[in-house]
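As provided, protein.tsv (TSV, C-alpha atoms) reads as follows.
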```tsv
chain	number	residue	atom	x	y	z
Q	1	MET	CA	-37.53	69.96	-2.86
Q	2	GLU	CA	-38.68	69.88	-6.43
Q	3	PHE	CA	-41.83	68.22	-7.59
Q	4	GLY	CA	-42.03	69.24	-11.25
Q	5	GLU	CA	-44.10	66.72	-13.13
Q	6	GLU	CA	-43.90	64.14	-10.40
Q	7	PRO	CA	-47.12	62.54	-9.23
Q	8	SER	CA	-49.05	64.19	-6.47
Q	9	PRO	CA	-47.30	63.94	-3.07
Q	10	ALA	CA	-50.62	62.76	-1.62
Q	11	LEU	CA	-50.03	59.38	-3.34
Q	12	ALA	CA	-47.52	58.56	-0.59
Q	13	PHE	CA	-50.46	58.01	1.74
Q	14	ASP	CA	-51.59	55.04	-0.36
Q	15	LYS	CA	-48.30	53.16	-0.04
Q	16	GLU	CA	-47.63	50.10	2.09
Q	17	ALA	CA	-45.86	51.06	5.31
Q	18	PHE	CA	-42.76	48.88	4.56
Q	19	GLU	CA	-42.42	50.36	1.10
Q	20	LEU	CA	-42.13	53.95	2.28
Q	21	THR	CA	-38.97	55.88	1.47
Q	22	VAL	CA	-37.65	59.04	3.05
Q	23	GLU	CA	-38.98	60.92	0.00
Q	24	ASP	CA	-42.45	59.55	0.76
Q	25	VAL	CA	-42.09	60.84	4.31
Q	26	TYR	CA	-41.24	64.27	2.91
Q	27	ASP	CA	-44.30	64.10	0.61
Q	28	ILE	CA	-46.47	63.19	3.58
Q	29	SER	CA	-44.96	66.05	5.61
Q	30	TYR	CA	-45.60	68.42	2.75
Q	31	VAL	CA	-49.28	67.42	2.51
Q	32	ILE	CA	-49.77	67.55	6.29
Q	33	GLY	CA	-47.93	70.86	6.54
Q	34	ARG	CA	-50.12	72.31	3.80
Q	35	ASP	CA	-53.28	71.12	5.61
Q	36	LEU	CA	-52.00	72.44	8.95
Q	37	LEU	CA	-51.54	75.85	7.40
Q	38	LYS	CA	-55.23	75.85	6.55
Q	39	ILE	CA	-56.10	74.92	10.14
Q	40	SER	CA	-53.71	77.38	11.77
Q	41	SER	CA	-55.25	80.19	9.75
Q	42	THR	CA	-58.59	79.50	11.48
Q	43	GLY	CA	-57.46	78.95	15.08
Q	44	GLU	CA	-54.45	79.52	17.36
Q	45	GLU	CA	-55.09	76.61	19.72
Q	46	VAL	CA	-53.76	74.09	17.15
Q	47	SER	CA	-50.25	75.54	17.37
Q	48	ASP	CA	-49.05	72.98	19.97
Q	49	LEU	CA	-50.55	70.19	17.93
Q	50	GLN	CA	-48.66	71.42	14.87
Q	51	PHE	CA	-45.31	71.15	16.68
Q	52	ARG	CA	-46.18	67.66	17.92
Q	53	ILE	CA	-47.13	66.59	14.43
Q	54	VAL	CA	-43.81	67.95	13.08
Q	55	ARG	CA	-42.04	66.05	15.84
Q	56	VAL	CA	-43.86	62.83	14.95
Q	57	LEU	CA	-43.03	63.32	11.29
Q	58	GLU	CA	-39.34	63.79	12.18
Q	59	MET	CA	-39.43	60.54	14.13
Q	60	PHE	CA	-41.20	58.93	11.22
Q	61	GLU	CA	-38.43	60.12	8.88
Q	62	THR	CA	-35.76	58.68	11.14
Q	63	LEU	CA	-37.54	55.35	11.42
Q	64	VAL	CA	-38.10	54.99	7.68
Q	65	ASN	CA	-34.53	56.03	6.99
Q	66	LYS	CA	-33.17	53.59	9.52
Q	67	TYR	CA	-35.42	50.82	8.26
Q	68	ASN	CA	-34.33	51.27	4.67
Q	69	LEU	CA	-30.64	51.38	5.58
Q	70	SER	CA	-30.98	48.21	7.67
Q	71	LEU	CA	-32.83	46.52	4.85
Q	72	GLU	CA	-30.06	47.47	2.44
Q	73	GLU	CA	-27.38	46.13	4.79
Q	74	LEU	CA	-29.23	42.87	5.27
Q	75	LYS	CA	-29.62	42.46	1.52
Q	76	MET	CA	-25.89	42.99	1.01
Q	77	GLU	CA	-25.05	40.54	3.75
Q	78	ARG	CA	-27.44	37.99	2.28
Q	79	ASP	CA	-25.81	38.36	-1.15
Q	80	ASN	CA	-22.33	37.93	0.33
Q	81	LEU	CA	-23.35	34.78	2.17
Q	82	ARG	CA	-25.01	33.43	-0.94
Q	83	SER	CA	-21.88	33.81	-3.05
Q	84	GLU	CA	-19.78	32.38	-0.21
Q	85	LEU	CA	-22.07	29.34	-0.12
Q	86	ASP	CA	-21.75	28.89	-3.88
Q	87	ARG	CA	-17.96	29.02	-3.57
Q	88	VAL	CA	-17.89	26.41	-0.76
Q	89	ILE	CA	-20.21	24.06	-2.64
Q	90	LYS	CA	-18.09	24.39	-5.77
Q	91	GLU	CA	-14.88	23.68	-3.84
Q	92	GLY	CA	-16.47	20.70	-2.13
Q	93	SER	CA	-17.49	19.08	-5.36
Q	94	SER	CA	-14.14	19.58	-7.05
Q	95	ALA	CA	-12.32	18.36	-3.94
Q	96	GLN	CA	-14.10	15.05	-4.21
Q	97	GLY	CA	-12.15	14.45	-7.39
Q	98	THR	CA	-8.56	14.62	-6.27
Q	99	GLN	CA	-7.62	17.51	-4.06
Q	100	ASN	CA	-9.16	16.71	-0.71
Q	101	ALA	CA	-6.38	14.33	0.32
Q	102	GLY	CA	-3.31	15.47	2.18
Q	103	PRO	CA	0.23	14.97	0.85
Q	104	ASN	CA	0.45	11.38	2.11
Q	105	GLN	CA	-3.15	10.36	1.58
Q	106	LEU	CA	-4.90	8.57	-1.20
Q	107	VAL	CA	-8.42	9.22	-2.40
Q	108	VAL	CA	-10.32	6.01	-2.98
Q	109	ASP	CA	-13.11	5.92	-5.50
Q	110	LEU	CA	-15.79	3.89	-3.75
Q	111	THR	CA	-17.45	3.07	-7.05
Q	112	ASP	CA	-14.30	1.47	-8.46
Q	113	PRO	CA	-14.74	-2.31	-8.23
Q	114	ASN	CA	-10.95	-2.64	-8.26
Q	115	ARG	CA	-10.34	-0.23	-5.40
Q	116	PRO	CA	-7.97	-1.23	-2.59
Q	117	ARG	CA	-9.90	-2.89	0.21
Q	118	PHE	CA	-7.51	-4.98	2.27
Q	119	THR	CA	-4.75	-4.11	4.64
Q	120	MET	CA	-1.13	-5.14	4.31
Q	121	GLN	CA	-1.56	-7.32	7.38
Q	122	GLU	CA	-4.45	-9.16	5.76
Q	123	LEU	CA	-2.45	-9.71	2.59
Q	124	LYS	CA	0.44	-10.94	4.67
Q	125	GLU	CA	-1.74	-13.49	6.41
Q	126	VAL	CA	-3.28	-14.71	3.17
Q	127	LEU	CA	0.15	-15.10	1.60
Q	128	GLN	CA	1.44	-16.97	4.62
Q	129	GLU	CA	-1.49	-19.32	4.49
Q	130	ARG	CA	-1.07	-19.80	0.73
Q	131	ASN	CA	2.59	-20.63	1.16
Q	132	GLN	CA	1.87	-23.02	4.01
Q	133	LEU	CA	-0.73	-24.83	1.96
Q	134	LYS	CA	1.70	-24.97	-0.92
Q	135	ALA	CA	4.32	-26.51	1.34
Q	136	GLN	CA	1.78	-29.02	2.66
Q	137	LEU	CA	0.82	-29.96	-0.87
Q	138	MET	CA	4.46	-30.59	-1.67
Q	139	VAL	CA	4.76	-32.78	1.41
Q	140	ALA	CA	1.69	-34.73	0.39
Q	141	GLN	CA	2.79	-35.08	-3.22
Q	142	GLU	CA	6.22	-36.28	-2.31
Q	143	GLU	CA	4.88	-38.76	0.17
Q	144	LEU	CA	2.31	-40.01	-2.29
Q	145	GLN	CA	5.10	-40.56	-4.77
Q	146	LEU	CA	7.00	-42.62	-2.22
Q	147	TYR	CA	3.97	-44.72	-1.40
Q	148	LYS	CA	3.29	-45.34	-5.06
Q	149	SER	CA	6.85	-46.37	-5.71
Q	150	GLY	CA	6.64	-48.78	-2.79
Q	151	ILE	CA	9.46	-47.21	-0.85
Q	152	LEU	CA	7.15	-46.53	2.03
Q	153	PRO	CA	5.12	-49.55	3.06
Q	154	GLN	CA	3.85	-48.04	6.30
Q	155	ALA	CA	2.65	-44.66	7.39
Q	156	GLU	CA	5.68	-42.69	8.39
Q	157	PRO	CA	6.44	-39.09	9.23
Q	158	PRO	CA	6.56	-36.61	6.36
Q	159	MET	CA	9.50	-36.69	4.04
Q	160	VAL	CA	9.67	-32.99	3.46
Q	161	GLU	CA	10.03	-30.28	5.93
Q	162	VAL	CA	9.65	-26.81	4.67
Q	163	ASP	CA	10.18	-24.10	7.19
Q	164	LEU	CA	7.69	-21.36	6.63
Q	165	GLU	CA	8.54	-19.38	9.68
Q	166	THR	CA	8.82	-15.69	9.25
Q	167	PRO	CA	10.34	-13.45	11.88
Q	168	GLU	CA	7.05	-11.98	13.05
Q	169	ASN	CA	5.00	-15.10	13.11
Q	170	SER	CA	6.70	-18.29	14.16
Q	171	PRO	CA	4.19	-21.02	14.73
Q	172	ALA	CA	6.90	-23.64	14.08
Q	173	PRO	CA	4.13	-26.00	13.11
Q	174	ILE	CA	5.83	-28.78	11.21
Q	175	THR	CA	8.52	-29.46	13.72
Q	176	GLU	CA	6.17	-30.20	16.56
Q	177	ALA	CA	4.44	-33.21	15.11
Q	178	LYS	CA	4.62	-36.19	17.40
Q	179	GLU	CA	5.89	-39.57	16.43
Q	180	GLU	CA	2.67	-41.43	16.97
Q	181	LYS	CA	0.63	-39.13	14.74
Q	182	THR	CA	-0.50	-40.36	11.39
Q	183	THR	CA	0.62	-38.63	8.25
Q	184	ILE	CA	-2.74	-36.96	7.86
Q	185	GLY	CA	-2.62	-35.99	11.50
Q	186	LYS	CA	0.73	-34.40	10.90
Q	187	LEU	CA	-0.52	-32.49	7.95
Q	188	PHE	CA	-3.28	-31.07	10.05
Q	189	SER	CA	-1.05	-30.42	12.98
Q	190	PHE	CA	0.51	-27.46	11.24
Q	191	ARG	CA	-2.69	-25.87	10.27
Q	192	ARG	CA	-2.84	-22.28	11.37
Q	193	LYS	CA	-4.52	-21.45	14.62
J	194	MET	CA	12.62	-42.73	12.21
J	195	ALA	CA	11.91	-41.04	8.92
J	196	LYS	CA	14.01	-41.57	5.91
J	197	LYS	CA	14.72	-38.09	4.66
J	198	THR	CA	14.77	-37.16	1.04
J	199	TYR	CA	17.39	-34.53	1.72
J	200	ASP	CA	20.23	-33.79	4.06
J	201	LEU	CA	20.13	-30.04	4.34
J	202	LEU	CA	17.59	-27.31	3.88
J	203	PHE	CA	18.84	-23.98	2.58
J	204	LYS	CA	16.60	-20.98	2.46
J	205	LEU	CA	17.36	-18.51	-0.30
J	206	LEU	CA	15.79	-15.18	-1.15
J	207	LEU	CA	15.51	-13.28	-4.42
J	208	ILE	CA	15.34	-9.49	-4.24
J	209	GLY	CA	15.65	-6.58	-6.66
J	210	ASP	CA	13.56	-4.03	-8.53
J	211	SER	CA	10.22	-4.93	-10.03
J	212	GLY	CA	10.51	-6.42	-13.51
J	213	VAL	CA	14.19	-7.41	-13.43
J	214	GLY	CA	13.24	-11.08	-13.80
J	215	LYS	CA	13.47	-12.56	-10.32
J	216	THR	CA	10.50	-14.84	-10.85
J	217	CYS	CA	11.77	-15.88	-14.29
J	218	VAL	CA	15.21	-16.65	-12.89
J	219	LEU	CA	13.59	-18.86	-10.27
J	220	PHE	CA	11.18	-20.44	-12.74
J	221	ARG	CA	14.07	-21.32	-15.04
J	222	PHE	CA	15.95	-22.91	-12.16
J	223	SER	CA	13.02	-24.79	-10.63
J	224	ASP	CA	11.07	-25.81	-13.72
J	225	ASP	CA	13.59	-25.19	-16.51
J	226	ALA	CA	11.02	-23.07	-18.31
J	227	PHE	CA	10.52	-19.48	-19.34
J	228	ASN	CA	7.42	-17.36	-19.71
J	229	THR	CA	7.45	-14.04	-21.54
J	230	THR	CA	4.27	-12.66	-20.01
J	231	PHE	CA	5.03	-10.40	-17.09
J	232	ILE	CA	2.96	-11.13	-14.01
J	233	SER	CA	3.96	-9.03	-11.05
J	234	THR	CA	4.60	-11.14	-7.97
J	235	ILE	CA	2.16	-10.45	-5.18
J	236	GLY	CA	4.07	-10.10	-1.96
J	237	ILE	CA	5.99	-13.31	-1.57
J	238	ASP	CA	6.09	-16.76	-3.14
J	239	PHE	CA	8.46	-19.69	-3.03
J	240	LYS	CA	9.66	-22.71	-4.95
J	241	ILE	CA	11.48	-25.82	-3.90
J	242	LYS	CA	14.35	-27.49	-5.70
J	243	THR	CA	16.57	-30.24	-4.45
J	244	VAL	CA	20.15	-30.29	-5.66
J	245	GLU	CA	23.09	-32.52	-4.88
J	246	LEU	CA	26.34	-30.98	-3.76
J	247	GLN	CA	29.38	-32.82	-2.40
J	248	GLY	CA	27.33	-35.94	-2.03
J	249	LYS	CA	24.64	-34.19	-0.01
J	250	LYS	CA	21.09	-33.72	-1.01
J	251	ILE	CA	20.26	-30.10	-0.42
J	252	LYS	CA	16.73	-28.90	-0.49
J	253	LEU	CA	16.60	-25.30	-1.61
J	254	GLN	CA	13.58	-23.35	-0.52
J	255	ILE	CA	13.77	-20.24	-2.65
J	256	TRP	CA	11.67	-17.28	-1.70
J	257	ASP	CA	10.66	-14.99	-4.52
J	258	THR	CA	9.80	-11.46	-3.44
J	259	ALA	CA	7.77	-8.73	-5.08
J	260	GLY	CA	10.04	-5.91	-6.20
J	261	GLN	CA	7.34	-3.30	-5.90
J	262	GLU	CA	7.77	-0.86	-3.06
J	263	ARG	CA	4.21	-1.37	-1.83
J	264	PHE	CA	5.07	-4.92	-0.70
J	265	HIS	CA	8.17	-3.77	1.12
J	266	THR	CA	6.88	-4.49	4.63
J	267	ILE	CA	5.89	-8.02	3.67
J	268	THR	CA	9.05	-8.90	1.79
J	269	THR	CA	11.51	-7.53	4.32
J	270	SER	CA	10.07	-9.79	7.01
J	271	TYR	CA	11.44	-12.74	5.03
J	272	TYR	CA	15.03	-11.49	4.92
J	273	ARG	CA	15.98	-12.75	8.33
J	274	GLY	CA	15.32	-16.41	7.67
J	275	ALA	CA	17.41	-16.39	4.50
J	276	MET	CA	20.83	-18.04	4.38
J	277	GLY	CA	21.52	-16.72	0.92
J	278	ILE	CA	20.20	-13.68	-0.92
J	279	MET	CA	20.33	-13.10	-4.66
J	280	LEU	CA	20.12	-9.45	-5.59
J	281	VAL	CA	18.96	-9.19	-9.19
J	282	TYR	CA	19.14	-6.22	-11.53
J	283	ASP	CA	18.33	-5.85	-15.20
J	284	ILE	CA	21.24	-4.99	-17.52
J	285	THR	CA	18.78	-3.12	-19.78
J	286	ASN	CA	17.47	-1.01	-16.91
J	287	ALA	CA	19.87	1.55	-15.44
J	288	LYS	CA	17.54	2.38	-12.56
J	289	SER	CA	17.51	-1.23	-11.39
J	290	PHE	CA	21.30	-1.07	-11.26
J	291	GLU	CA	21.34	2.24	-9.39
J	292	ASN	CA	19.02	0.74	-6.79
J	293	ILE	CA	21.51	-1.99	-5.90
J	294	SER	CA	22.83	0.11	-3.03
J	295	LYS	CA	19.29	0.48	-1.72
J	296	TRP	CA	18.77	-3.29	-1.81
J	297	LEU	CA	22.13	-3.91	-0.15
J	298	ARG	CA	21.08	-1.54	2.60
J	299	ASN	CA	17.87	-3.53	3.02
J	300	ILE	CA	19.97	-6.66	3.45
J	301	ASP	CA	22.10	-4.95	6.08
J	302	GLU	CA	19.02	-3.82	7.92
J	303	HIS	CA	16.86	-6.92	7.78
J	304	ALA	CA	18.95	-10.01	7.04
J	305	ASN	CA	21.25	-12.08	9.19
J	306	GLU	CA	24.74	-10.72	9.40
J	307	ASP	CA	26.34	-13.85	7.94
J	308	VAL	CA	23.92	-14.15	5.03
J	309	GLU	CA	25.58	-15.16	1.76
J	310	ARG	CA	24.98	-12.52	-0.90
J	311	MET	CA	25.17	-12.68	-4.67
J	312	LEU	CA	24.61	-10.14	-7.43
J	313	LEU	CA	22.94	-11.11	-10.71
J	314	GLY	CA	22.74	-8.94	-13.85
J	315	ASN	CA	19.81	-10.55	-15.60
J	316	LYS	CA	18.58	-10.35	-19.22
J	317	CYS	CA	22.11	-10.66	-20.61
J	318	ASP	CA	20.65	-12.14	-23.78
J	319	MET	CA	19.41	-8.64	-24.69
J	320	GLU	CA	22.81	-7.29	-25.70
J	321	ASP	CA	21.30	-4.68	-28.04
J	322	LYS	CA	19.39	-3.08	-25.18
J	323	ARG	CA	22.17	-3.25	-22.62
J	324	VAL	CA	22.76	-0.05	-20.65
J	325	VAL	CA	24.78	-1.48	-17.75
J	326	PRO	CA	28.24	-2.69	-18.82
J	327	LYS	CA	29.31	-5.99	-17.37
J	328	ALA	CA	32.35	-4.28	-15.87
J	329	LYS	CA	30.13	-2.04	-13.76
J	330	GLY	CA	28.37	-5.03	-12.29
J	331	GLU	CA	31.68	-6.70	-11.59
J	332	GLN	CA	32.99	-3.56	-9.98
J	333	ILE	CA	30.11	-3.04	-7.56
J	334	ALA	CA	30.21	-6.74	-6.65
J	335	ARG	CA	33.93	-6.46	-5.93
J	336	GLU	CA	33.38	-3.38	-3.80
J	337	HIS	CA	30.96	-5.28	-1.63
J	338	GLY	CA	32.89	-8.53	-1.69
J	339	ILE	CA	30.12	-10.58	-3.25
J	340	ARG	CA	29.89	-12.91	-6.22
J	341	PHE	CA	28.53	-11.73	-9.53
J	342	PHE	CA	27.02	-13.40	-12.56
J	343	GLU	CA	25.36	-12.11	-15.64
J	344	THR	CA	22.38	-14.32	-16.29
J	345	SER	CA	19.56	-14.87	-18.72
J	346	ALA	CA	16.48	-16.73	-17.62
J	347	LYS	CA	15.24	-16.63	-21.19
J	348	ALA	CA	18.39	-18.04	-22.80
J	349	ASN	CA	19.21	-20.15	-19.75
J	350	ILE	CA	22.60	-18.59	-19.12
J	351	ASN	CA	24.30	-19.01	-15.74
J	352	ILE	CA	21.03	-19.65	-13.90
J	353	GLU	CA	21.86	-23.05	-12.49
J	354	LYS	CA	25.45	-22.03	-11.99
J	355	ALA	CA	24.39	-19.06	-9.88
J	356	PHE	CA	22.12	-21.07	-7.62
J	357	LEU	CA	24.59	-23.91	-7.22
J	358	THR	CA	27.41	-21.50	-6.46
J	359	LEU	CA	25.33	-19.77	-3.82
J	360	ALA	CA	24.34	-23.11	-2.31
J	361	GLU	CA	27.99	-24.20	-2.29
J	362	ASP	CA	29.02	-21.02	-0.54
J	363	ILE	CA	26.42	-21.65	2.13
J	364	LEU	CA	27.40	-25.29	2.40
J	365	ARG	CA	31.00	-24.29	2.95
J	366	LYS	CA	29.98	-22.25	5.98
J	367	THR	CA	27.63	-24.89	7.30
J	368	PRO	CA	28.91	-26.76	10.31
J	369	VAL	CA	28.41	-30.38	9.34
J	370	LYS	CA	26.98	-32.13	12.33
J	371	GLU	CA	28.35	-35.55	12.97
J	372	PRO	CA	25.70	-38.22	13.12
J	373	ASN	CA	24.68	-39.12	16.63
J	374	SER	CA	22.45	-41.78	18.03
J	375	GLU	CA	19.38	-39.57	17.96
J	376	ASN	CA	19.70	-38.44	14.41
J	377	VAL	CA	21.09	-41.49	12.66
J	378	ASP	CA	18.89	-42.41	9.83
J	379	ILE	CA	18.57	-46.16	10.21
J	380	SER	CA	16.93	-46.92	6.92
J	381	SER	CA	19.44	-45.16	4.70
J	382	GLY	CA	22.48	-44.99	6.90
J	383	SER	CA	23.21	-41.38	6.07
J	384	GLY	CA	23.05	-39.29	9.17
J	385	VAL	CA	23.94	-35.79	8.06
J	386	THR	CA	21.11	-33.58	9.08
J	387	GLY	CA	22.67	-30.19	9.63
J	388	TRP	CA	19.99	-27.58	10.33
J	389	LYS	CA	17.32	-30.14	10.37
J	390	SER	CA	18.68	-32.01	13.34
J	391	LYS	CA	16.39	-30.21	15.72
J	392	CYS	CA	13.33	-31.10	13.73
J	393	CYS	CA	11.07	-34.05	14.15
J	394	SER	CA	13.21	-36.97	13.11
```
In structure tokens, what does this structure look like?
Amino acid sequence: MEFGEEPSPALAFDKEAFELTVEDVYDISYVIGRDLLKISSTGEEVSDLQFRIVRVLEMFETLVNKYNLSLEELKMERDNLRSELDRVIKEGSSAQGTQNAGPNQLVVDLTDPNRPRFTMQELKEVLQERNQLKAQLMVAQEELQLYKSGILPQAEPPMVEVDLETPENSPAPITEAKEEKTTIGKLFSFRRK
Amino acid sequence: MAKKTYDLLFKLLLIGDSGVGKTCVLFRFSDDAFNTTFISTIGIDFKIKTVELQGKKIKLQIWDTAGQERFHTITTSYYRGAMGIMLVYDITNAKSFENISKWLRNIDEHANEDVERMLLGNKCDMEDKRVVPKAKGEQIAREHGIRFFETSAKANINIEKAFLTLAEDILRKTPVKEPNSENVDISSGSGVTGWKSKCCS
């Protein structure tokens, strides 16, 4: 062990316990060994104590060594986890743009006022209702025309029948109107349930 | 007993790629007008036009479908009720012509077996932009045994002819029901009701 111009090995005694390195332990051993030599020169009965002190210093060396290695490992693990976290966060934010969706999925921008909101079934129902209302309007218009032209003096069943049935949904509304119903009654009779 | 303003009701359907002019073809026929602005049809729409054929008043209810694939499930549910289907392509759009087989397959899958079919090559006024020769349209129509017209909704070429021909073809197949006591129309004396006979008379 070389000391050269290094500071006095006794300085190791002033350090915080958790900051000690193996070198500090050697410095401490050196100082204690030097002091023990002074003691041993004056009395033989300290011999056992010397061996015990050496033993304690060896244990101290092992503990400091082990502590520092563990600290180093934990620091490395912490750094790995930190960079892993950064990577995951980065991926997460870029995935929000476009990539998160599977091959048959669509990413919807919830801030887009024009984003898709309704299902095909809902659209289908709205269209069916629109077309039914359109058909009813035609019925009413045609009938109004007939009344105006004086062809129809009395309330009679509708002139126009437009079949709006689709395969899935067959309410067959127009055809079920009863004879005694008024024209308005008939119009309302094929309103959707 | 109601006096009917028509004798028969025919339901027709227009199909074909988006932008080939289905809505314009129908608009020309129903309103005799043409609009250059392209508004994509949402799902399904219809128009009514009454024509007279062989002394019979025939009300045509013509369903106009969206050509866009995303409306496919809505539009195909209307195939089955159709008595006649007009398959429209655009003579300036090769892809719309290539897709004819796809549309014909849709008809096979979803429409009635005895549905009357017709092929229309629309936009025939745009001769300078034509990419589908008339002969090719005629050929594919012949292969499938269906009628073919080149039409222009803009220049009003063959539009009425196409619809009337399709209606005539359907009329020819229509079993004309003899008037009976239940369906005789007292006020007008004409008792031909055809499909409508089961309706509220």
Could you put an axis-aligned box around every listed atom of stretch 235-240 of chain J, padded by 5 Å on each side, and send me its centre and edge lengths in Å to one decimal, as AutoDock Vina command-line options?
```
--center_x 5.9 --center_y -16.4 --center_z -3.4 --size_x 17.5 --size_y 22.6 --size_z 13.6
```
When you count all atoms listed in the file, which of these residues is closest to chain Q: J:Phe239, J:Tyr282, J:Phe356, J:Phe227?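 Between J:Phe239, J:Tyr282, J:Phe356, J:Phe227, the residue approaching chain Q most closely is J:Phe239.
Relative to atom CA of Q:Val64, atom CA of Q:Leu37 is found at 24.8 Å.
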Residue contacts of J:Lys329 (12 Å, all atoms listed in the file) excluding same-chain residues fewer than 3 positions away, as a PyMOL selection string: chain J and resi 282+284+287+290-291+293+312-314+323-326+332-336+341-343
Output file for the residues above (C-alpha atoms, as a short mmCIF file (atom, residue, chain, number, x, y, z; two decimals), in the frame of the given file):
```cif
data_model
loop_
_atom_site.label_atom_id
_atom_site.label_comp_id
_atom_site.auth_asym_id
_atom_site.auth_seq_id
_atom_site.Cartn_x
_atom_site.Cartn_y
_atom_site.Cartn_z
CA TYR J 282 19.14 -6.22 -11.53
CA ILE J 284 21.24 -4.99 -17.52
CA ALA J 287 19.87 1.55 -15.44
CA PHE J 290 21.30 -1.07 -11.26
CA GLU J 291 21.34 2.24 -9.39
CA ILE J 293 21.51 -1.99 -5.90
CA LEU J 312 24.61 -10.14 -7.43
CA LEU J 313 22.94 -11.11 -10.71
CA GLY J 314 22.74 -8.94 -13.85
CA ARG J 323 22.17 -3.25 -22.62
CA VAL J 324 22.76 -0.05 -20.65
CA VAL J 325 24.78 -1.48 -17.75
CA PRO J 326 28.24 -2.69 -18.82
CA GLN J 332 32.99 -3.56 -9.98
CA ILE J 333 30.11 -3.04 -7.56
CA ALA J 334 30.21 -6.74 -6.65
CA ARG J 335 33.93 -6.46 -5.93
CA GLU J 336 33.38 -3.38 -3.80
CA PHE J 341 28.53 -11.73 -9.53
CA PHE J 342 27.02 -13.40 -12.56
CA GLU J 343 25.36 -12.11 -15.64
#
```
Neighbouring residues of J:Thr268 were defined as those with any atom within 8 Å, considering only C-alpha atoms; residues of the same chain fewer than 2 positions away were excluded. Please report them as a PyMOL selection string. chain J and resi 236-237+258-259+264-266+270-272
Residues of the last selection are to be written out with C-alpha atoms, as an mmCIF file, in the coordinates of the input.
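Contents of again37.cif, as written:
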```
data_model
loop_
_atom_site.group_PDB
_atom_site.id
_atom_site.type_symbol
_atom_site.label_atom_id
_atom_site.label_comp_id
_atom_site.auth_asym_id
_atom_site.auth_seq_id
_atom_site.Cartn_x
_atom_site.Cartn_y
_atom_site.Cartn_z
ATOM 1 C CA GLY J 236 4.070 -10.100 -1.960
ATOM 2 C CA ILE J 237 5.990 -13.310 -1.570
ATOM 3 C CA THR J 258 9.800 -11.460 -3.440
ATOM 4 C CA ALA J 259 7.770 -8.730 -5.080
ATOM 5 C CA PHE J 264 5.070 -4.920 -0.700
ATOM 6 C CA HIS J 265 8.170 -3.770 1.120
ATOM 7 C CA THR J 266 6.880 -4.490 4.630
ATOM 8 C CA SER J 270 10.070 -9.790 7.010
ATOM 9 C CA TYR J 271 11.440 -12.740 5.030
ATOM 10 C CA TYR J 272 15.030 -11.490 4.920
#
```
Atom-to-atom span, atom CA of J:Glu306 and atom CA of J:Asn292, Å: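 Answer for the atom CA of J:Glu306 to atom CA of J:Asn292 separation: 20.6 Å.
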One-decimal distance in Å that lies between atom CA of Q:Val25 and atom CA of Q:Leu57: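 It comes out at 7.5 Å.
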Applying 10 Å and only C-alpha atoms, which residues near J:Asn351 remain after dropping the ones on its own chain fewer than 2 positions away? List them as an mmCIF file with C-alpha atoms, keeping the file's coordinate frame.
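Contents of part.cif, as written:
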```cif
data_model
loop_
_atom_site.group_PDB
_atom_site.id
_atom_site.type_symbol
_atom_site.label_atom_id
_atom_site.label_comp_id
_atom_site.auth_asym_id
_atom_site.auth_seq_id
_atom_site.Cartn_x
_atom_site.Cartn_y
_atom_site.Cartn_z
ATOM 1 C CA VAL J 218 15.210 -16.650 -12.890
ATOM 2 C CA PHE J 222 15.950 -22.910 -12.160
ATOM 3 C CA LEU J 313 22.940 -11.110 -10.710
ATOM 4 C CA ASN J 315 19.810 -10.550 -15.600
ATOM 5 C CA CYS J 317 22.110 -10.660 -20.610
ATOM 6 C CA PHE J 342 27.020 -13.400 -12.560
ATOM 7 C CA GLU J 343 25.360 -12.110 -15.640
ATOM 8 C CA THR J 344 22.380 -14.320 -16.290
ATOM 9 C CA SER J 345 19.560 -14.870 -18.720
ATOM 10 C CA ALA J 346 16.480 -16.730 -17.620
ATOM 11 C CA ALA J 348 18.390 -18.040 -22.800
ATOM 12 C CA ASN J 349 19.210 -20.150 -19.750
ATOM 13 C CA GLU J 353 21.860 -23.050 -12.490
ATOM 14 C CA LYS J 354 25.450 -22.030 -11.990
ATOM 15 C CA ALA J 355 24.390 -19.060 -9.880
ATOM 16 C CA PHE J 356 22.120 -21.070 -7.620
ATOM 17 C CA LEU J 357 24.590 -23.910 -7.220
#
```
Using all atoms listed in the file, which residues sit within 10 Å of Q:Ser29 once same-chain residues fewer than 2 positions away are excluded, as a tab-separated table (two decimals) with C-alpha atoms, in the frame of the given file?
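Result file part_18.tsv:
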```
chain	number	residue	atom	x	y	z
Q	9	PRO	CA	-47.30	63.94	-3.07
Q	10	ALA	CA	-50.62	62.76	-1.62
Q	23	GLU	CA	-38.98	60.92	0.00
Q	24	ASP	CA	-42.45	59.55	0.76
Q	25	VAL	CA	-42.09	60.84	4.31
Q	26	TYR	CA	-41.24	64.27	2.91
Q	27	ASP	CA	-44.30	64.10	0.61
Q	31	VAL	CA	-49.28	67.42	2.51
Q	32	ILE	CA	-49.77	67.55	6.29
Q	33	GLY	CA	-47.93	70.86	6.54
Q	34	ARG	CA	-50.12	72.31	3.80
Q	35	ASP	CA	-53.28	71.12	5.61
Q	53	ILE	CA	-47.13	66.59	14.43
Q	54	VAL	CA	-43.81	67.95	13.08
Q	56	VAL	CA	-43.86	62.83	14.95
Q	57	LEU	CA	-43.03	63.32	11.29
Q	58	GLU	CA	-39.34	63.79	12.18
Q	60	PHE	CA	-41.20	58.93	11.22
Q	61	GLU	CA	-38.43	60.12	8.88
```
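With only C-alpha atoms as the atoms that count, the residue of J:Lys288, J:Lys322, J:Arg273, J:Lys215 with the shortest distance to J:Asp238 is J:Lys215.
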